[in-house]
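Enquirer: Contents of protein_32.pdb (PDB, C-alpha atoms and all ligand atoms) are given next:
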ATOM      1  CA  MET A  13       4.429 -22.341  -9.421
ATOM      2  CA  GLU A  14       4.228 -23.640  -5.892
ATOM      3  CA  THR A  15       2.340 -22.417  -2.811
ATOM      4  CA  VAL A  16       4.132 -23.053   0.474
ATOM      5  CA  ARG A  17       2.971 -22.436   4.018
ATOM      6  CA  THR A  18       6.110 -22.502   6.110
ATOM      7  CA  ILE A  19       9.113 -20.259   6.543
ATOM      8  CA  GLU A  20      11.393 -23.266   6.256
ATOM      9  CA  GLU A  21      10.038 -24.326   2.835
ATOM     10  CA  THR A  22      10.162 -20.737   1.592
ATOM     11  CA  ARG A  23      13.799 -20.352   2.628
ATOM     12  CA  ARG A  24      14.673 -23.678   1.021
ATOM     13  CA  GLU A  25      13.097 -22.666  -2.335
ATOM     14  CA  VAL A  26      14.604 -19.181  -2.348
ATOM     15  CA  ARG A  27      18.055 -20.403  -1.362
ATOM     16  CA  ALA A  28      17.979 -23.021  -4.121
ATOM     17  CA  ALA A  29      17.139 -20.294  -6.640
ATOM     18  CA  LYS A  30      19.962 -18.106  -5.318
ATOM     19  CA  ALA A  31      22.374 -21.041  -5.465
ATOM     20  CA  ASP A  32      21.518 -21.237  -9.199
ATOM     21  CA  GLY A  33      22.613 -17.613  -9.510
ATOM     22  CA  LYS A  34      19.065 -16.247  -9.770
ATOM     23  CA  SER A  35      18.055 -12.798  -8.569
ATOM     24  CA  VAL A  36      14.962 -12.710  -6.342
ATOM     25  CA  GLY A  37      11.996 -10.361  -6.729
ATOM     26  CA  PHE A  38       9.325 -10.057  -4.050
ATOM     27  CA  VAL A  39       5.784  -8.659  -3.957
ATOM     28  CA  PRO A  40       4.228  -8.679  -0.477
ATOM     29  CA  THR A  41       0.409  -8.777  -0.549
ATOM     30  CA  MET A  42      -2.577  -9.468   1.645
ATOM     31  CA  GLY A  43      -4.223 -11.355  -1.214
ATOM     32  CA  ALA A  44      -7.486 -10.483  -3.029
ATOM     33  CA  LEU A  45      -5.184  -9.755  -5.931
ATOM     34  CA  HIS A  46      -6.190  -7.131  -8.500
ATOM     35  CA  GLU A  47      -4.508  -5.425 -11.468
ATOM     36  CA  GLY A  48      -2.530  -3.192  -9.079
ATOM     37  CA  HIS A  49      -0.814  -6.233  -7.543
ATOM     38  CA  LEU A  50      -0.427  -7.912 -10.924
ATOM     39  CA  SER A  51       1.353  -4.849 -12.342
ATOM     40  CA  LEU A  52       3.928  -5.165  -9.529
ATOM     41  CA  MET A  53       4.332  -8.866 -10.283
ATOM     42  CA  ARG A  54       4.806  -8.212 -14.009
ATOM     43  CA  ALA A  55       7.570  -5.749 -13.175
ATOM     44  CA  GLY A  56       9.161  -8.317 -10.851
ATOM     45  CA  ARG A  57       8.863 -10.980 -13.538
ATOM     46  CA  GLN A  58      10.700  -8.761 -16.032
ATOM     47  CA  GLU A  59      13.417  -7.552 -13.708
ATOM     48  CA  THR A  60      14.273 -10.606 -11.603
ATOM     49  CA  ASP A  61      14.796 -14.336 -12.194
ATOM     50  CA  PHE A  62      12.819 -15.854  -9.308
ATOM     51  CA  LEU A  63       9.603 -14.125  -8.291
ATOM     52  CA  VAL A  64       8.067 -14.674  -4.855
ATOM     53  CA  ILE A  65       4.832 -13.197  -3.538
ATOM     54  CA  SER A  66       3.423 -13.448  -0.041
ATOM     55  CA  VAL A  67      -0.283 -13.711   0.648
ATOM     56  CA  PHE A  68      -0.850 -12.968   4.308
ATOM     57  CA  VAL A  69      -3.639 -10.934   5.888
ATOM     58  CA  ASN A  70      -1.484  -9.473   8.621
ATOM     59  CA  PRO A  71      -3.546  -9.204  11.818
ATOM     60  CA  LYS A  72      -1.025  -6.845  13.424
ATOM     61  CA  GLN A  73      -1.768  -4.021  11.008
ATOM     62  CA  PHE A  74      -5.534  -3.924  11.559
ATOM     63  CA  ASN A  75      -6.641  -1.588  14.297
ATOM     64  CA  ASP A  76     -10.292  -2.556  13.742
ATOM     65  CA  PRO A  77     -11.175  -6.267  14.307
ATOM     66  CA  LYS A  78     -14.265  -5.921  12.066
ATOM     67  CA  ASP A  79     -12.050  -4.700   9.216
ATOM     68  CA  LEU A  80      -9.729  -7.706   9.718
ATOM     69  CA  LYS A  81     -12.668 -10.135   9.683
ATOM     70  CA  ALA A  82     -14.190  -8.578   6.561
ATOM     71  CA  TYR A  83     -10.910  -8.481   4.606
ATOM     72  CA  PRO A  84     -11.383 -10.657   1.470
ATOM     73  CA  ARG A  85      -9.542 -13.998   1.497
ATOM     74  CA  GLU A  86      -9.404 -15.940  -1.767
ATOM     75  CA  LEU A  87      -6.144 -17.882  -1.986
ATOM     76  CA  LYS A  88      -7.255 -20.234  -4.780
ATOM     77  CA  ALA A  89      -8.215 -17.373  -7.113
ATOM     78  CA  ASP A  90      -5.064 -15.476  -6.061
ATOM     79  CA  ALA A  91      -2.883 -18.471  -6.952
ATOM     80  CA  GLU A  92      -4.462 -18.657 -10.419
ATOM     81  CA  LYS A  93      -3.831 -14.958 -11.029
ATOM     82  CA  ALA A  94      -0.258 -15.169  -9.745
ATOM     83  CA  ASN A  95       0.390 -18.202 -11.928
ATOM     84  CA  GLY A  96      -0.948 -16.259 -14.921
ATOM     85  CA  VAL A  97       1.751 -13.595 -14.559
ATOM     86  CA  GLY A  98       4.574 -16.071 -13.994
ATOM     87  CA  VAL A  99       5.096 -16.001 -10.214
ATOM     88  CA  ASP A 100       7.450 -18.790  -9.090
ATOM     89  CA  LEU A 101       6.507 -19.124  -5.439
ATOM     90  CA  ILE A 102       3.650 -18.070  -3.167
ATOM     91  CA  PHE A 103       4.370 -17.879   0.546
ATOM     92  CA  ALA A 104       0.995 -18.089   2.313
ATOM     93  CA  PRO A 105       1.715 -18.594   6.009
ATOM     94  CA  SER A 106      -0.726 -18.975   8.893
ATOM     95  CA  ASP A 107      -0.911 -16.400  11.691
ATOM     96  CA  ALA A 108       0.892 -18.859  14.000
ATOM     97  CA  GLU A 109       3.711 -19.355  11.506
ATOM     98  CA  MET A 110       4.320 -15.605  11.297
ATOM     99  CA  TYR A 111       3.644 -14.764  14.940
ATOM    100  CA  PRO A 112       4.500 -17.754  17.140
ATOM    101  CA  LYS A 113       3.532 -17.425  20.797
ATOM    102  CA  GLY A 114       6.087 -15.512  22.801
ATOM    103  CA  ALA A 115       7.287 -13.192  20.003
ATOM    104  CA  VAL A 116       7.788  -9.774  21.592
ATOM    105  CA  THR A 117       9.818  -7.824  19.026
ATOM    106  CA  PHE A 118       8.227  -5.205  16.759
ATOM    107  CA  VAL A 119       9.568  -2.674  14.270
ATOM    108  CA  ASP A 120       8.449   0.892  14.824
ATOM    109  CA  GLN A 121       9.334   4.257  13.358
ATOM    110  CA  HIS A 122       8.892   7.832  14.516
ATOM    111  CA  ARG A 123       7.541  10.960  12.848
ATOM    112  CA  LEU A 124       6.523   9.584   9.439
ATOM    113  CA  THR A 125       4.214   7.028  11.052
ATOM    114  CA  GLU A 126       2.525   9.540  13.317
ATOM    115  CA  ARG A 127       0.591  11.515  10.731
ATOM    116  CA  TRP A 128      -2.196  10.854   8.229
ATOM    117  CA  GLU A 129      -2.812   7.084   8.125
ATOM    118  CA  GLY A 130      -0.829   6.632  11.333
ATOM    119  CA  ALA A 131      -2.950   9.176  13.210
ATOM    120  CA  HIS A 132      -6.185   7.569  12.040
ATOM    121  CA  ARG A 133      -5.095   3.943  12.438
ATOM    122  CA  PRO A 134      -3.064   3.641  15.649
ATOM    123  CA  GLY A 135      -0.575   0.762  15.494
ATOM    124  CA  HIS A 136      -1.139   0.208  11.774
ATOM    125  CA  PHE A 137       2.359   1.080  10.586
ATOM    126  CA  ARG A 138       4.007  -0.802  13.447
ATOM    127  CA  GLY A 139       2.176  -3.898  12.152
ATOM    128  CA  VAL A 140       3.138  -3.166   8.528
ATOM    129  CA  LEU A 141       6.807  -2.536   9.323
ATOM    130  CA  THR A 142       7.051  -5.621  11.503
ATOM    131  CA  VAL A 143       5.565  -7.960   8.922
ATOM    132  CA  VAL A 144       7.520  -6.446   6.026
ATOM    133  CA  ALA A 145      10.795  -6.687   7.987
ATOM    134  CA  LYS A 146      10.014 -10.330   8.814
ATOM    135  CA  LEU A 147       9.131 -11.091   5.178
ATOM    136  CA  PHE A 148      12.357  -9.444   3.991
ATOM    137  CA  ASN A 149      14.309 -11.588   6.474
ATOM    138  CA  ILE A 150      12.569 -14.758   5.324
ATOM    139  CA  ILE A 151      12.788 -14.134   1.567
ATOM    140  CA  GLU A 152      15.919 -11.957   1.365
ATOM    141  CA  PRO A 153      14.830 -10.419  -1.955
ATOM    142  CA  ASP A 154      17.046  -8.326  -4.199
ATOM    143  CA  ILE A 155      14.107  -6.105  -5.208
ATOM    144  CA  ALA A 156      10.759  -5.638  -3.448
ATOM    145  CA  TYR A 157       7.811  -3.955  -5.168
ATOM    146  CA  PHE A 158       5.150  -1.712  -3.633
ATOM    147  CA  GLY A 159       2.275   0.302  -5.083
ATOM    148  CA  ARG A 160       2.136   4.100  -4.931
ATOM    149  CA  LYS A 161      -1.521   3.985  -3.879
ATOM    150  CA  ASP A 162      -0.231   3.367  -0.355
ATOM    151  CA  PHE A 163       2.021   6.403  -0.618
ATOM    152  CA  GLN A 164       2.784   6.760   3.084
ATOM    153  CA  GLN A 165       3.380   3.020   3.491
ATOM    154  CA  ALA A 166       5.909   3.074   0.642
ATOM    155  CA  ALA A 167       7.724   6.080   2.161
ATOM    156  CA  ILE A 168       7.856   4.409   5.563
ATOM    157  CA  ILE A 169       9.132   1.112   4.162
ATOM    158  CA  LYS A 170      11.852   2.894   2.160
ATOM    159  CA  THR A 171      12.900   4.694   5.324
ATOM    160  CA  MET A 172      12.981   1.440   7.305
ATOM    161  CA  ALA A 173      15.112  -0.271   4.653
ATOM    162  CA  ALA A 174      17.585   2.642   4.690
ATOM    163  CA  ASP A 175      17.648   3.084   8.479
ATOM    164  CA  LEU A 176      18.131  -0.638   9.163
ATOM    165  CA  ASN A 177      20.658  -1.157   6.323
ATOM    166  CA  MET A 178      18.494  -3.746   4.612
ATOM    167  CA  SER A 179      20.085  -4.974   1.410
ATOM    168  CA  VAL A 180      16.911  -4.822  -0.657
ATOM    169  CA  GLU A 181      16.022  -2.318  -3.346
ATOM    170  CA  ILE A 182      12.530  -0.884  -2.850
ATOM    171  CA  LYS A 183      10.653  -0.039  -6.043
ATOM    172  CA  VAL A 184       7.415   1.942  -5.883
ATOM    173  CA  LEU A 185       5.232   1.666  -8.987
ATOM    174  CA  PRO A 186       2.284   3.786 -10.181
ATOM    175  CA  THR A 187      -1.260   3.325  -8.912
ATOM    176  CA  VAL A 188      -3.397   1.253 -11.256
ATOM    177  CA  ARG A 189      -6.854   2.731 -11.799
ATOM    178  CA  GLU A 190     -10.215   1.557 -13.127
ATOM    179  CA  PRO A 191     -11.103   3.190 -16.477
ATOM    180  CA  ASP A 192     -13.076   5.927 -14.632
ATOM    181  CA  GLY A 193     -10.147   6.716 -12.320
ATOM    182  CA  LEU A 194     -10.995   4.820  -9.095
ATOM    183  CA  ALA A 195      -7.763   3.460  -7.629
ATOM    184  CA  MET A 196      -7.744  -0.343  -7.563
ATOM    185  CA  SER A 197      -8.007  -1.697  -4.042
ATOM    186  CA  SER A 198      -8.940  -5.015  -2.465
ATOM    187  CA  ARG A 199     -11.530  -3.051  -0.477
ATOM    188  CA  ASN A 200     -13.457  -1.960  -3.584
ATOM    189  CA  VAL A 201     -15.356  -5.291  -3.553
ATOM    190  CA  HIS A 202     -17.219  -4.053  -0.464
ATOM    191  CA  LEU A 203     -18.751  -1.075  -2.313
ATOM    192  CA  SER A 204     -22.442  -1.209  -3.272
ATOM    193  CA  GLU A 205     -23.423   0.173  -6.688
ATOM    194  CA  ASP A 206     -24.240   3.571  -5.194
ATOM    195  CA  GLU A 207     -21.065   3.621  -3.083
ATOM    196  CA  ARG A 208     -18.981   2.656  -6.098
ATOM    197  CA  LYS A 209     -20.262   5.745  -7.945
ATOM    198  CA  GLN A 210     -19.559   8.039  -4.997
ATOM    199  CA  ALA A 211     -16.118   6.462  -4.393
ATOM    200  CA  LEU A 212     -15.005   8.278  -7.522
ATOM    201  CA  CYS A 213     -14.985  11.500  -5.468
ATOM    202  CA  LEU A 214     -11.461  10.650  -4.207
ATOM    203  CA  PHE A 215      -9.953  10.639  -7.702
ATOM    204  CA  ARG A 216     -12.035  13.606  -8.812
ATOM    205  CA  ALA A 217     -11.085  15.701  -5.781
ATOM    206  CA  LEU A 218      -7.413  14.884  -6.362
ATOM    207  CA  SER A 219      -7.742  15.772 -10.048
ATOM    208  CA  ARG A 220      -9.439  19.062  -9.068
ATOM    209  CA  GLY A 221      -6.521  19.800  -6.725
ATOM    210  CA  ARG A 222      -4.065  19.171  -9.522
ATOM    211  CA  GLU A 223      -6.049  21.361 -11.936
ATOM    212  CA  MET A 224      -5.899  24.230  -9.437
ATOM    213  CA  VAL A 225      -2.128  23.834  -9.170
ATOM    214  CA  GLU A 226      -1.808  23.678 -12.943
ATOM    215  CA  ALA A 227      -3.783  26.929 -13.120
ATOM    216  CA  GLY A 228      -1.202  28.536 -10.813
ATOM    217  CA  GLU A 229      -2.736  28.148  -7.322
ATOM    218  CA  ARG A 230      -0.135  27.372  -4.635
ATOM    219  CA  ASP A 231      -2.044  28.063  -1.413
ATOM    220  CA  THR A 232      -2.659  24.588   0.054
ATOM    221  CA  GLY A 233      -5.410  25.935   2.366
ATOM    222  CA  LYS A 234      -7.502  26.978  -0.651
ATOM    223  CA  ILE A 235      -6.824  23.766  -2.557
ATOM    224  CA  VAL A 236      -7.652  21.506   0.415
ATOM    225  CA  THR A 237     -10.857  23.460   1.134
ATOM    226  CA  GLU A 238     -12.043  23.001  -2.439
ATOM    227  CA  MET A 239     -11.134  19.300  -2.447
ATOM    228  CA  LYS A 240     -13.041  18.789   0.806
ATOM    229  CA  GLN A 241     -16.103  20.634  -0.498
ATOM    230  CA  PHE A 242     -16.036  18.426  -3.557
ATOM    231  CA  ILE A 243     -15.934  15.227  -1.462
ATOM    232  CA  ASP A 244     -18.580  16.504   0.965
ATOM    233  CA  GLY A 245     -20.937  16.879  -2.001
ATOM    234  CA  ASN A 246     -21.282  13.076  -1.896
ATOM    235  CA  PRO A 247     -23.781  12.062   0.809
ATOM    236  CA  LEU A 248     -22.128   8.671   1.510
ATOM    237  CA  ALA A 249     -18.615  10.141   1.910
ATOM    238  CA  ARG A 250     -17.031  10.947   5.301
ATOM    239  CA  ILE A 251     -13.573  12.513   5.180
ATOM    240  CA  ASP A 252     -10.813  11.200   7.474
ATOM    241  CA  TYR A 253      -8.257  13.630   6.042
ATOM    242  CA  VAL A 254      -7.349  15.641   2.960
ATOM    243  CA  ALA A 255      -3.786  16.927   3.056
ATOM    244  CA  ILE A 256      -0.993  18.281   0.915
ATOM    245  CA  ALA A 257       2.462  17.218   2.009
ATOM    246  CA  ASP A 258       6.056  16.922   0.878
ATOM    247  CA  PRO A 259       6.718  13.504  -0.685
ATOM    248  CA  ASP A 260       9.553  12.375   1.607
ATOM    249  CA  ARG A 261       8.728  13.338   5.189
ATOM    250  CA  LEU A 262       5.025  13.820   4.462
ATOM    251  CA  GLU A 263       4.953  17.072   6.393
ATOM    252  CA  LYS A 264       2.020  19.371   5.767
ATOM    253  CA  ARG A 265       2.768  22.228   3.359
ATOM    254  CA  GLU A 266       1.461  25.800   3.305
ATOM    255  CA  GLN A 267       2.501  26.420  -0.331
ATOM    256  CA  VAL A 268       2.690  23.712  -3.006
ATOM    257  CA  GLU A 269       6.228  22.862  -4.114
ATOM    258  CA  PRO A 270       7.421  20.571  -6.930
ATOM    259  CA  GLY A 271       6.973  16.909  -6.010
ATOM    260  CA  ASP A 272       4.273  17.591  -3.390
ATOM    261  CA  VAL A 273       1.517  15.053  -2.984
ATOM    262  CA  ALA A 274      -2.168  15.372  -2.116
ATOM    263  CA  LEU A 275      -3.340  12.568   0.181
ATOM    264  CA  VAL A 276      -6.968  11.649   0.841
ATOM    265  CA  ALA A 277      -8.678   9.117   3.108
ATOM    266  CA  VAL A 278     -12.453   8.895   2.891
ATOM    267  CA  ARG A 279     -15.061   6.494   4.221
ATOM    268  CA  ILE A 280     -17.651   5.602   1.633
ATOM    269  CA  GLY A 281     -20.368   3.978   3.701
ATOM    270  CA  LYS A 282     -18.449   1.430   5.776
ATOM    271  CA  THR A 283     -15.490   1.149   3.367
ATOM    272  CA  ARG A 284     -12.413   3.265   4.013
ATOM    273  CA  LEU A 285     -10.509   4.234   0.856
ATOM    274  CA  ILE A 286      -7.242   6.105   0.366
ATOM    275  CA  ASP A 287      -5.705   7.676  -2.714
ATOM    276  CA  ASN A 288      -3.096  10.269  -3.622
ATOM    277  CA  MET A 289      -1.765  12.320  -6.524
ATOM    278  CA  ILE A 290       1.422  14.286  -7.176
ATOM    279  CA  LEU A 291       0.215  17.870  -7.658
ATOM    280  CA  LEU A 292       3.255  19.401  -9.289
ATOM    281  CA  LYS A 293       5.959  17.459 -11.106
ATOM    282  CA  GLU A 294       9.550  17.851  -9.917
ATOM    283  CA  ARG A 295      11.521  20.057 -12.269
TER     284      ARG A 295
HETATM  285  O1  LIG A 301       0.052  -3.135   1.226
HETATM  286  C1  LIG A 301      -0.267  -4.233   1.730
HETATM  287  O2  LIG A 301      -1.018  -5.036   1.149
HETATM  288  C2  LIG A 301       0.265  -4.588   3.101
HETATM  289  O3  LIG A 301       0.330  -3.462   3.931
HETATM  290  C3  LIG A 301       1.611  -5.327   3.071
HETATM  291  C4  LIG A 301       2.701  -4.456   2.497
HETATM  292  C5  LIG A 301       1.479  -6.593   2.240
HETATM  293  C6  LIG A 301       2.012  -5.733   4.483
HETATM  294  O4  LIG A 301       1.086  -6.580   5.070
END
As structure tokens, what does this structure read like?
Expert:
Amino acid sequence: METVRTIEETRREVRAAKADGKSVGFVPTMGALHEGHLSLMRAGRQETDFLVISVFVNPKQFNDPKDLKAYPRELKADAEKANGVGVDLIFAPSDAEMYPKGAVTFVDQHRLTERWEGAHRPGHFRGVLTVVAKLFNIIEPDIAYFGRKDFQQAAIIKTMAADLNMSVEIKVLPTVREPDGLAMSSRNVHLSEDERKQALCLFRALSRGREMVEAGERDTGKIVTEMKQFIDGNPLARIDYVAIADPDRLEKREQVEPGDVALVAVRIGKTRLIDNMILLKER
């Protein structure tokens, strides 16, 4: 496995692999790799011949400079983990390599980006879409892998790929959880012992929502109220949003329908966590 810093070297490696007839898998990351990322890489390893990951803390998707500064950066440990699951190439560019002075083009999207995460983090999805589009252009993967924990991000990226006729297949794989249910996230390292315990309220509130649906409740107002009350019972938790939406356009629902997803974003102390759960399986 090799770690390269430039677009030119990355293209050279990927093109050589393609010239050998190899299919290319790609897992974009911001590093601080955990089991969630590794599960995507294992899938890529199984399904494609040449597996590339990117490790790039993308400044354009952070609306809070303190959050950007605090984001964990641990390339050496990341490289060891990636090597362990059989990654072929790590692309770890600098900010200047990805955003040279004078670049003025961004990728943006309407509607889907305006709610939930988009409403709470202005500019976030514009930064995500721009970097993912650039990475797709650099790596030209056959399949790219994303985690379902970032449900809205995955929906937005799928929409971008379809709208812009990108010839990449987007695969979205299940959220990987700690044994007690907390969704794995690079941000979990910031949680103190007490915060870690209270962070479980996201998963528990989602599970409560699903239980209510399983028991026959369909009124999203009632379900959301109960989920919020559950989260508010944790003194360190501050809700950004709790919502039930359709899985494609992420529009708010009044009555739960098959496939609908509950989305939560909660600050636990200074750490902002998101999670989601499908409430009712599609028939
Ligand atoms: O999900 C992430 O880690 C990031 O948003 C991504 C897709 C790597 C783009 O920077």
Enquirer: Taking all atoms listed in the file into account, which residues are within 8 Å of ligand LIG 301 (chain A), as a ChimeraX atom specification?
Expert: /A:39-43,66-70,73,139-141,143-144,158-159,162,165
Enquirer: Using only C-alpha atoms, please write the residues we just selected to a file, as a compact mmCIF listing (two decimals), in the frame of the given file.
Expert:
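selection.txt was written with the following content:
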# COMPACT_ATOMS: atom_id res chain seq x y z
CA VAL A 39 5.78 -8.66 -3.96
CA PRO A 40 4.23 -8.68 -0.48
CA THR A 41 0.41 -8.78 -0.55
CA MET A 42 -2.58 -9.47 1.64
CA GLY A 43 -4.22 -11.36 -1.21
CA SER A 66 3.42 -13.45 -0.04
CA VAL A 67 -0.28 -13.71 0.65
CA PHE A 68 -0.85 -12.97 4.31
CA VAL A 69 -3.64 -10.93 5.89
CA ASN A 70 -1.48 -9.47 8.62
CA GLN A 73 -1.77 -4.02 11.01
CA GLY A 139 2.18 -3.90 12.15
CA VAL A 140 3.14 -3.17 8.53
CA LEU A 141 6.81 -2.54 9.32
CA VAL A 143 5.56 -7.96 8.92
CA VAL A 144 7.52 -6.45 6.03
CA PHE A 158 5.15 -1.71 -3.63
CA GLY A 159 2.28 0.30 -5.08
CA ASP A 162 -0.23 3.37 -0.36
CA GLN A 165 3.38 3.02 3.49
Enquirer: In Å, with one decimal, what is the gap from CA of Phe242 in chain A to CA of Cys213 in chain A?
Expert: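 Separating CA of Phe242 in chain A from CA of Cys213 in chain A is a distance of 7.3 Å.
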Enquirer: Suppose a student applies the PyMOL selection byres (((chain A and resi 190) around 12) and not hetatm) to this structure; what residues should they get, written as a count of residues only?
Expert: 18
Enquirer: Take the point (12.8, -1.8, -2.9) in the file's coordinates, draw a sphere of radius 8 Å around it, and report as a short mmCIF file (atom, residue, chain, number, x, y, z; two decimals) with C-alpha atoms, in the coordinates of the input every protein, DNA or RNA residue with an atom inside or on it, counting only C-alpha atoms.
Expert:
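Writing done, so here's point_13.cif:
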data_model
loop_
_atom_site.label_atom_id
_atom_site.label_comp_id
_atom_site.auth_asym_id
_atom_site.auth_seq_id
_atom_site.Cartn_x
_atom_site.Cartn_y
_atom_site.Cartn_z
CA ASP A 154 17.05 -8.33 -4.20
CA ILE A 155 14.11 -6.10 -5.21
CA ALA A 156 10.76 -5.64 -3.45
CA TYR A 157 7.81 -3.96 -5.17
CA PHE A 158 5.15 -1.71 -3.63
CA LYS A 170 11.85 2.89 2.16
CA VAL A 180 16.91 -4.82 -0.66
CA GLU A 181 16.02 -2.32 -3.35
CA ILE A 182 12.53 -0.88 -2.85
CA LYS A 183 10.65 -0.04 -6.04
CA VAL A 184 7.42 1.94 -5.88
#
Enquirer: Quick check, in Å to one decimal: how far apart do CA of Arg133 in chain A and CA of Ala166 in chain A lie?
Expert: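 Separating CA of Arg133 in chain A from CA of Ala166 in chain A is a distance of 16.2 Å.
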Enquirer: What does the distance from CA of Ala89 in chain A to CA of Ser35 in chain A come to in Å, to one decimal?
Expert: 26.7 Å
Enquirer: Just the residues within 9 Å of Tyr253 in chain A, please, counting all atoms listed in the file, with nothing from its chain fewer than 2 positions along; format it as a list in words.
Expert: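 Counting only the stated atoms, we get Trp128, Glu129, His132, Lys240, Ile251, Ala255, Leu275, Val276, Ala277 and Val278 of chain A.
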Enquirer: My list of candidates is A:Ala31, A:Asp272, A:Thr232, A:Asn246. Which is closest to Arg295 in chain A when distances are computed with only C-alpha atoms?
Expert: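 Among the listed residues, A:Asp272 lies closest to Arg295 in chain A.
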Enquirer: Rank A:Glu20, A:Glu109, A:Glu92, A:Glu14 by their smallest atom-to-atom distance to Leu63 in chain A, using only C-alpha atoms, and report the top residue only.
Expert: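 Nearest to Leu63 in chain A: A:Glu14.
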Enquirer: For Arg220 in chain A, which residue out of A:Ala145, A:Leu203, A:Ala274, A:Ala257 is the nearest one, using all atoms listed in the file?
Expert: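 Nearest to Arg220 in chain A: A:Ala274.
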Enquirer: Could you write out as a ChimeraX atom specification the residues that the PyMOL selection byres (((chain A and resi 44) around 6) and not hetatm) matches in the shown file?
Expert: /A:43,45,84,86,198
